$ cat target-v9.pdb   # PDB, C-alpha atoms and all ligand atoms
ATOM      1  CA  MET A1018     128.945  91.821 113.619
ATOM      2  CA  ALA A1019     129.464  88.935 111.229
ATOM      3  CA  GLN A1020     125.882  88.171 110.279
ATOM      4  CA  PRO A1021     123.363  90.613 111.698
ATOM      5  CA  ASP A1022     119.913  89.255 112.358
ATOM      6  CA  TYR A1023     117.158  89.835 109.872
ATOM      7  CA  ILE A1024     114.118  91.857 110.804
ATOM      8  CA  MET A1025     110.892  90.904 109.089
ATOM      9  CA  ILE A1026     108.108  93.420 108.624
ATOM     10  CA  LYS A1027     104.693  92.366 107.381
ATOM     11  CA  ALA A1028     102.312  95.150 106.413
ATOM     12  CA  LEU A1029      98.826  94.796 107.885
ATOM     13  CA  GLU A1030      97.467  97.758 105.918
ATOM     14  CA  ASP A1031      98.313  99.571 102.699
ATOM     15  CA  GLY A1032     100.966 102.258 102.795
ATOM     16  CA  VAL A1033     103.193 101.035 105.622
ATOM     17  CA  ASN A1034     106.544 102.836 105.530
ATOM     18  CA  VAL A1035     109.815 101.217 106.531
ATOM     19  CA  ILE A1036     112.348 103.983 106.974
ATOM     20  CA  GLY A1037     116.081 103.331 107.284
ATOM     21  CA  LEU A1038     118.133 105.737 109.399
ATOM     22  CA  THR A1039     121.823 106.339 108.890
ATOM     23  CA  ARG A1040     124.587 105.196 111.187
ATOM     24  CA  GLY A1041     127.135 107.732 112.408
ATOM     25  CA  ASN A1042     127.176 111.254 113.772
ATOM     26  CA  ASP A1043     123.932 112.310 112.244
ATOM     27  CA  THR A1044     120.846 110.169 112.166
ATOM     28  CA  LYS A1045     118.877 110.814 109.026
ATOM     29  CA  PHE A1046     116.375 109.025 106.861
ATOM     30  CA  HIS A1047     118.195 107.437 103.905
ATOM     31  CA  HIS A1048     115.579 105.115 102.469
ATOM     32  CA  THR A1049     111.826 104.734 102.634
ATOM     33  CA  GLU A1050     110.152 101.583 101.438
ATOM     34  CA  LYS A1051     106.393 101.526 101.077
ATOM     35  CA  LEU A1052     104.603  98.240 101.673
ATOM     36  CA  ASP A1053     101.004  97.392 100.869
ATOM     37  CA  ARG A1054      98.885  95.012 102.929
ATOM     38  CA  GLY A1055     100.355  91.503 102.948
ATOM     39  CA  GLU A1056     103.724  92.586 101.611
ATOM     40  CA  VAL A1057     106.770  91.549 103.573
ATOM     41  CA  MET A1058     110.154  93.205 103.842
ATOM     42  CA  ILE A1059     113.141  91.346 105.239
ATOM     43  CA  ALA A1060     115.985  93.670 106.226
ATOM     44  CA  GLN A1061     119.173  93.853 108.240
ATOM     45  CA  PHE A1062     120.996  96.518 110.195
ATOM     46  CA  THR A1063     124.117  97.326 108.183
ATOM     47  CA  GLU A1064     127.114  99.654 108.249
ATOM     48  CA  HIS A1065     124.766 102.255 106.699
ATOM     49  CA  THR A1066     121.618 101.528 108.674
ATOM     50  CA  SER A1067     121.562 101.866 112.464
ATOM     51  CA  ALA A1068     117.837 102.099 113.047
ATOM     52  CA  MET A1069     114.525 101.596 111.359
ATOM     53  CA  LYS A1070     111.319 103.472 111.862
ATOM     54  CA  ILE A1071     108.060 101.848 110.871
ATOM     55  CA  ARG A1072     104.935 103.841 110.222
ATOM     56  CA  GLY A1073     101.578 102.166 109.822
ATOM     57  CA  LYS A1074     100.066  98.927 110.991
ATOM     58  CA  SER A1075     102.466  96.032 110.790
ATOM     59  CA  GLU A1076     103.802  92.892 112.383
ATOM     60  CA  ILE A1077     107.519  93.107 113.163
ATOM     61  CA  HIS A1078     109.511  89.951 113.785
ATOM     62  CA  SER A1079     112.987  90.119 115.284
ATOM     63  CA  ALA A1080     115.241  88.299 117.732
ATOM     64  CA  HIS A1081     113.233  90.059 120.445
ATOM     65  CA  GLY A1082     110.024  88.427 119.353
ATOM     66  CA  ILE A1083     106.991  89.848 117.598
ATOM     67  CA  VAL A1084     105.737  93.352 118.081
ATOM     68  CA  TYR A1085     102.834  95.117 116.394
ATOM     69  CA  SER A1086     102.966  98.703 115.299
ATOM     70  CA  ASP A1087      99.599 100.377 115.451
ATOM     71  CA  GLY A1088      98.533 102.293 112.403
ATOM     72  CA  LYS A1089      96.063 104.410 114.366
ATOM     73  CA  GLU A1090      96.907 108.085 114.560
TER      74      GLU A1090
HETATM   75  N1  LIG A1101     121.454 100.514 101.435
HETATM   76  C1  LIG A1101     120.865 100.162 102.725
HETATM   77  C2  LIG A1101     121.968  99.582 103.619
HETATM   78  O1  LIG A1101     122.804  98.821 103.125
HETATM   79  C3  LIG A1101     119.749  99.163 102.506
HETATM   80  C4  LIG A1101     119.061  98.777 103.785
HETATM   81  C5  LIG A1101     119.489  97.777 104.639
HETATM   82  C6  LIG A1101     117.849  99.302 104.358
HETATM   83  N2  LIG A1101     118.643  97.687 105.715
HETATM   84  C7  LIG A1101     117.627  98.599 105.571
HETATM   85  C8  LIG A1101     116.945 100.301 103.969
HETATM   86  C9  LIG A1101     116.521  98.896 106.369
HETATM   87  C10 LIG A1101     115.844 100.578 104.783
HETATM   88  C11 LIG A1101     115.640  99.872 105.971
HETATM   89  O2  LIG A1101     121.991  99.873 104.800
END
$ encode --input "target-v9.pdb" --output "structure tokens"
Amino acid sequence: MAQPDYIMIKALEDGVNVIGLTRGNDTKFHHTEKLDRGEVMIAQFTEHTSAMKIRGKSEIHSAHGIVYSDGKE
């Protein structure tokens, strides 16, 4: 993949977690980034990151469109 797409996450509440999961045989958390309301993180899938898990209320923009994660428990 020459230039993987960027994913944009906008936090809609304080304390949204963007968690990067490793690529390879085991899938583990390798990085957690905490965003407060209004903060934006722009990230890519890389040779180290195969998946992202987002906890909390946020707006997620990707090539697939916009999806909202719901912060409600
Ligand atoms: N060191 C990580 C990597 O190169 C940084 C990273 C990229 C990341 N995309 C991410 C961390 C998404 C968390 C979520 O893969």
$ closest_residue --input "target-v9.pdb" --among "A:Asp1043, A:Ser1079, A:Ser1067, A:Phe1062" --to "Pro1021 (chain A)" --atoms "only C-alpha atoms"
A:Phe1062
$ residues_around --input "target-v9.pdb" --residues "Arg1040 (chain A)" --least-positions-apart "6" --cutoff "10 Å" --atoms "all atoms listed in the file" --output "list in words"
His1047, Phe1062, Thr1063, Glu1064, His1065, Thr1066, Ser1067 and Ala1068 of chain A
$ resolve_selection --input "target-v9.pdb" --expression "the PyMOL selection byres (((chain A and resi 1048) around 9) and not hetatm)" --output "list in words"
Val1035, Ile1036, Gly1037, Leu1038, Phe1046, His1047, Thr1049 and Glu1050 of chain A
$ resolve_selection --input "target-v9.pdb" --expression "the PyMOL selection byres (((chain A and resi 1085) around 6) and not hetatm)" --output "VMD selection string"
chain A and resid 1075 to 1076 1084 1086
$ closest_residue --input "target-v9.pdb" --among "A:Ala1080, A:Lys1089, A:Lys1074, A:Met1025" --to "Arg1054 (chain A)" --atoms "all atoms listed in the file"
A:Lys1074
$ resolve_selection --input "target-v9.pdb" --expression "the PyMOL selection byres (((chain A and resi 1059) around 8) and not hetatm)" --output "MDAnalysis selection string"
chainID A and resid 1023:1026 1057:1058 1060:1061
$ write_last_selection --input "target-v9.pdb" --atoms "C-alpha atoms" --output "PDB file, in the coordinates of the input"
ATOM      1  CA  TYR A1023     117.158  89.835 109.872  1.00  0.00           C
ATOM      2  CA  ILE A1024     114.118  91.857 110.804  1.00  0.00           C
ATOM      3  CA  MET A1025     110.892  90.904 109.089  1.00  0.00           C
ATOM      4  CA  ILE A1026     108.108  93.420 108.624  1.00  0.00           C
ATOM      5  CA  VAL A1057     106.770  91.549 103.573  1.00  0.00           C
ATOM      6  CA  MET A1058     110.154  93.205 103.842  1.00  0.00           C
ATOM      7  CA  ALA A1060     115.985  93.670 106.226  1.00  0.00           C
ATOM      8  CA  GLN A1061     119.173  93.853 108.240  1.00  0.00           C
TER       9      GLN A1061
END
$ atom_distance --input "target-v9.pdb" --atom1 "CA of Leu1029 (chain A)" --atom2 "CA of Ile1077 (chain A)"
10.3 Å
$ axis_aligned_box --input "target-v9.pdb" --around "ligand LIG 1101 (chain A)" --padding-each-side "4 Å" --output "JSON"
{"center_x": 119.2, "center_y": 99.1, "center_z": 103.9, "size_x": 15.2, "size_y": 10.9, "size_z": 12.9}
$ residues_near_point --input "target-v9.pdb" --point "(100.1, 97.1, 99.2)" --cutoff "9 Å" --atoms "only C-alpha atoms" --output "list in words"
Ala1028, Glu1030, Asp1031, Gly1032, Val1033, Lys1051, Leu1052, Asp1053, Arg1054, Gly1055 and Glu1056 of chain A
$ closest_residue --input "target-v9.pdb" --among "A:Lys1027, A:His1078, A:Gln1020, A:Met1069" --to "ligand LIG 1101 (chain A)" --atoms "all atoms listed in the file"
A:Met1069
$ closest_residue --input "target-v9.pdb" --among "A:His1081, A:Thr1039, A:Lys1045, A:Asp1087" --to "ligand LIG 1101 (chain A)" --atoms "all atoms listed in the file"
A:Thr1039
